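Everything below concerns the one structure shown next.
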Amino acid sequence: NFKAIHLNGLVSLHPFTVIIGRNGAGKSSVLEALQLVATACREDVVRAFDKFQGISDVINKKATPTRQYVGITTKWNVDDGRHQVDWAVQIGRANEDRLPFVLKEELTASGLPVIKTISKGRAATGQGARRVLFPKDPRRSKDVDSADTLAVAESVRHNPAEANGVVDALHSVREFWRGTVFLRLSPASLADGSPPKRKSFEPILGRFQPPTTAG
């Protein structure tokens, strides 16, 4: 339900992935959706939608009244395929102030719950979903109910020496979103050879313009 993307689709990502297509095919929507989630993981959900002036204008116009949210589902093979990690999040629109809020979030590692939604968020009030980190581990279990915070971004002590698949899964997902760069390049800037530039503290999504020359 994000911008030009109405129905679900599958996009395979590799360490270096290039998406090429005709105008209007949805390339920018895919990249902006990925960048949106990355920003929400590094900062928060509200700030992730700042560039769109909120969530209202990015929900696909074909979305039904009961599906007024944007969602993404990701799958990873972690530790050379020893663990399959599935993470899904839905970000809804609060009726009162139209701000984005976490509607639902789930993460599993090889079928074991790492993040579990106990109760979904409420659009009428903008109340975020109540989620639990490590619901099967009383030592690490932690409630997350902030409307604008993703549970996957919560700080959890990670010791690679510990053989704990669920902690490794959470760490892997968080580091993927925090460390991956999603860029949109125009053919004109590529042909011109202008050097890509980005802020040192976060990846940005933007169209690089060729330098202006006088004369």
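Following the order of the structure tokens, first chain is A, next is B, and so on, with residues numbered from 1 inside each chain and ligands from 1 in the order they appear.
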
Original post:
Quick one: DSSP strand (DSSP E) residues in stretch 18-181 of chain A, as a count of residues only?
Top reply: 46

Can you pull out the residues contacting stretch 9-12 of chain A? Cut-off 10 Å, using only C-alpha atoms, and skip same-chain residues under 2 positions away; I want them as an mmCIF file with all heavy atoms, in the first residue's frame.
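Produced file result-v7.cif, reproduced below:
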```
data_model
loop_
_atom_site.group_PDB
_atom_site.id
_atom_site.type_symbol
_atom_site.label_atom_id
_atom_site.label_comp_id
_atom_site.auth_asym_id
_atom_site.auth_seq_id
_atom_site.Cartn_x
_atom_site.Cartn_y
_atom_site.Cartn_z
ATOM 1 N N ILE A 5 2.805 1.103 -5.085
ATOM 2 C CA ILE A 5 2.735 -0.332 -4.794
ATOM 3 C C ILE A 5 1.428 -0.637 -4.073
ATOM 4 O O ILE A 5 1.236 -0.218 -2.932
ATOM 5 C CB ILE A 5 3.923 -0.771 -3.919
ATOM 6 C CG1 ILE A 5 5.247 -0.385 -4.581
ATOM 7 C CG2 ILE A 5 3.878 -2.266 -3.657
ATOM 8 C CD1 ILE A 5 6.448 -0.552 -3.670
ATOM 9 N N HIS A 6 0.555 -1.367 -4.749
ATOM 10 C CA HIS A 6 -0.729 -1.721 -4.142
ATOM 11 C C HIS A 6 -0.732 -3.172 -3.688
ATOM 12 O O HIS A 6 -0.997 -3.467 -2.526
ATOM 13 C CB HIS A 6 -1.869 -1.473 -5.123
ATOM 14 C CG HIS A 6 -3.208 -1.948 -4.635
ATOM 15 N ND1 HIS A 6 -3.684 -1.667 -3.377
ATOM 16 C CD2 HIS A 6 -4.157 -2.709 -5.248
ATOM 17 C CE1 HIS A 6 -4.879 -2.213 -3.218
ATOM 18 N NE2 HIS A 6 -5.178 -2.860 -4.338
ATOM 19 N N LEU A 7 -0.413 -4.089 -4.596
ATOM 20 C CA LEU A 7 -0.411 -5.504 -4.277
ATOM 21 C C LEU A 7 0.973 -5.930 -3.802
ATOM 22 O O LEU A 7 1.971 -5.273 -4.072
ATOM 23 C CB LEU A 7 -0.831 -6.318 -5.508
ATOM 24 C CG LEU A 7 -2.220 -5.988 -6.068
ATOM 25 C CD1 LEU A 7 -2.478 -6.796 -7.331
ATOM 26 C CD2 LEU A 7 -3.304 -6.253 -5.033
ATOM 27 N N HIS A 14 20.558 -8.355 -2.703
ATOM 28 C CA HIS A 14 21.873 -8.959 -2.544
ATOM 29 C C HIS A 14 22.827 -7.877 -2.037
ATOM 30 O O HIS A 14 22.447 -6.712 -1.916
ATOM 31 C CB HIS A 14 22.333 -9.534 -3.887
ATOM 32 C CG HIS A 14 21.368 -10.538 -4.461
ATOM 33 N ND1 HIS A 14 21.361 -11.865 -4.094
ATOM 34 C CD2 HIS A 14 20.352 -10.391 -5.354
ATOM 35 C CE1 HIS A 14 20.402 -12.503 -4.738
ATOM 36 N NE2 HIS A 14 19.768 -11.632 -5.505
ATOM 37 N N THR A 17 22.704 -4.512 -5.299
ATOM 38 C CA THR A 17 21.504 -4.732 -6.112
ATOM 39 C C THR A 17 21.182 -3.480 -6.895
ATOM 40 O O THR A 17 21.178 -2.376 -6.344
ATOM 41 C CB THR A 17 20.297 -5.094 -5.220
ATOM 42 O OG1 THR A 17 20.610 -6.245 -4.435
ATOM 43 C CG2 THR A 17 19.060 -5.384 -6.063
ATOM 44 N N ILE A 19 18.232 -1.824 -9.445
ATOM 45 C CA ILE A 19 16.871 -1.944 -9.965
ATOM 46 C C ILE A 19 16.748 -1.023 -11.178
ATOM 47 O O ILE A 19 16.961 0.193 -11.069
ATOM 48 C CB ILE A 19 15.831 -1.563 -8.902
ATOM 49 C CG1 ILE A 19 15.957 -2.492 -7.695
ATOM 50 C CG2 ILE A 19 14.415 -1.633 -9.483
ATOM 51 C CD1 ILE A 19 15.036 -2.134 -6.545
ATOM 52 N N VAL A 30 9.721 1.428 -4.578
ATOM 53 C CA VAL A 30 10.437 0.358 -3.888
ATOM 54 C C VAL A 30 11.582 0.930 -3.060
ATOM 55 O O VAL A 30 11.735 0.623 -1.873
ATOM 56 C CB VAL A 30 10.968 -0.680 -4.899
ATOM 57 C CG1 VAL A 30 11.905 -1.673 -4.213
ATOM 58 C CG2 VAL A 30 9.819 -1.426 -5.556
ATOM 59 N N ILE A 72 5.597 -3.839 5.132
ATOM 60 C CA ILE A 72 6.711 -4.488 4.447
ATOM 61 C C ILE A 72 7.044 -5.769 5.196
ATOM 62 O O ILE A 72 6.972 -5.823 6.429
ATOM 63 C CB ILE A 72 7.943 -3.562 4.355
ATOM 64 C CG1 ILE A 72 9.036 -4.208 3.494
ATOM 65 C CG2 ILE A 72 8.487 -3.223 5.741
ATOM 66 C CD1 ILE A 72 10.145 -3.247 3.121
ATOM 67 N N THR A 73 7.350 -6.810 4.441
ATOM 68 C CA THR A 73 7.775 -8.090 5.009
ATOM 69 C C THR A 73 9.133 -8.438 4.419
ATOM 70 O O THR A 73 9.325 -8.345 3.206
ATOM 71 C CB THR A 73 6.773 -9.207 4.679
ATOM 72 O OG1 THR A 73 5.501 -8.878 5.249
ATOM 73 C CG2 THR A 73 7.240 -10.540 5.245
ATOM 74 N N THR A 74 10.080 -8.795 5.273
ATOM 75 C CA THR A 74 11.422 -9.133 4.805
ATOM 76 C C THR A 74 11.809 -10.502 5.334
ATOM 77 O O THR A 74 11.409 -10.913 6.419
ATOM 78 C CB THR A 74 12.454 -8.093 5.279
ATOM 79 O OG1 THR A 74 12.321 -7.907 6.687
ATOM 80 C CG2 THR A 74 12.246 -6.762 4.588
ATOM 81 N N LYS A 75 12.632 -11.205 4.536
ATOM 82 C CA LYS A 75 13.110 -12.539 4.898
ATOM 83 C C LYS A 75 14.621 -12.588 4.698
ATOM 84 O O LYS A 75 15.127 -12.111 3.683
ATOM 85 C CB LYS A 75 12.433 -13.609 4.036
ATOM 86 C CG LYS A 75 10.915 -13.680 4.194
ATOM 87 C CD LYS A 75 10.317 -14.700 3.245
ATOM 88 C CE LYS A 75 8.807 -14.783 3.391
ATOM 89 N NZ LYS A 75 8.391 -15.358 4.674
#
```

Could you name the residues that touch A:Ala38 at 8 Å or less, counting only C-alpha atoms, but leaving out those on the same chain fewer than 6 positions away, as a compact mmCIF listing (two decimals) with C-alpha atoms, in the first residue's frame?
```txt
# COMPACT_ATOMS: atom_id res chain seq x y z
CA TRP A 177 18.51 -1.58 8.17
CA ARG A 178 21.01 0.68 9.90
CA THR A 180 22.38 -0.54 4.08
```

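Of the listed residues A:Val18, A:Ala169, A:Ala153, A:Val144, the one whose atoms come nearest to A:Gly128 is A:Val144, with distances taken using only C-alpha atoms.
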
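Taking atom CA of A:Ala151 and atom CA of A:Arg122 as the two end points, the separation is 17.0 Å.
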
Subject >> Test item: residues at most 12 Å from A:Thr125, only C-alpha atoms, excluding those fewer than 4 positions along its chain, as a ChimeraX atom specification >> reply: /A:92-101,103,121,129,147

For the selection you just gave me, I'd like the residues written to a file as a compact mmCIF listing (two decimals), in the first residue's frame, keeping N, CA, C and O atoms.
```txt
# COMPACT_ATOMS: atom_id res chain seq x y z
N GLY A 92 0.39 2.35 10.45
CA GLY A 92 -0.94 2.87 10.15
C GLY A 92 -1.02 4.37 10.27
O GLY A 92 -0.06 5.06 10.61
N ARG A 93 -2.21 4.89 9.99
CA ARG A 93 -2.49 6.32 10.06
C ARG A 93 -3.52 6.57 11.16
O ARG A 93 -4.61 6.02 11.14
N ALA A 94 -3.13 7.38 12.14
CA ALA A 94 -4.05 7.71 13.22
C ALA A 94 -5.16 8.62 12.70
O ALA A 94 -4.90 9.56 11.95
N ASN A 95 -6.39 8.34 13.07
CA ASN A 95 -7.53 9.10 12.56
C ASN A 95 -7.53 10.55 13.01
O ASN A 95 -7.89 11.45 12.26
N GLU A 96 -7.13 10.80 14.25
CA GLU A 96 -7.25 12.14 14.80
C GLU A 96 -6.23 13.11 14.22
O GLU A 96 -6.59 14.18 13.71
N ASP A 97 -4.94 12.77 14.30
CA ASP A 97 -3.91 13.70 13.84
C ASP A 97 -3.22 13.25 12.55
O ASP A 97 -2.32 13.92 12.07
N ARG A 98 -3.63 12.09 12.02
CA ARG A 98 -3.11 11.56 10.76
C ARG A 98 -1.61 11.26 10.83
O ARG A 98 -0.96 11.17 9.79
N LEU A 99 -1.07 11.13 12.02
CA LEU A 99 0.34 10.78 12.17
C LEU A 99 0.54 9.27 12.01
O LEU A 99 -0.35 8.49 12.32
N PRO A 100 1.71 8.85 11.55
CA PRO A 100 1.97 7.41 11.45
C PRO A 100 2.21 6.80 12.82
O PRO A 100 2.72 7.46 13.74
N PHE A 101 1.84 5.54 12.97
CA PHE A 101 2.08 4.82 14.22
C PHE A 101 2.26 3.34 13.90
O PHE A 101 1.80 2.86 12.86
N LEU A 103 1.37 -0.17 13.80
CA LEU A 103 0.11 -0.92 13.90
C LEU A 103 0.37 -2.37 14.30
O LEU A 103 -0.38 -2.95 15.10
N GLY A 121 -2.14 -1.89 17.20
CA GLY A 121 -2.37 -0.47 17.45
C GLY A 121 -3.79 -0.07 17.09
O GLY A 121 -4.50 -0.77 16.36
N ALA A 129 1.05 -0.43 18.73
CA ALA A 129 0.88 -1.85 19.05
C ALA A 129 1.71 -2.19 20.28
O ALA A 129 2.83 -1.70 20.46
N ALA A 147 4.28 4.32 20.20
CA ALA A 147 3.59 4.41 18.91
C ALA A 147 4.55 4.67 17.76
O ALA A 147 4.25 4.32 16.61
```

**OP:** To one decimal in Å, tell me the separation between atom CA of A:Ile20 and atom CA of A:Val70.
**Re:** 23.3 Å

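Relative to atom CA of A:Asn60, atom CA of A:Leu183 is found at 22.3 Å.
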
Original post:
Hey, what's within 10 Å of A:Ser172 if we count only C-alpha atoms and toss same-chain stuff fewer than 5 positions away? As a count of residues only, please?
Top reply: 9
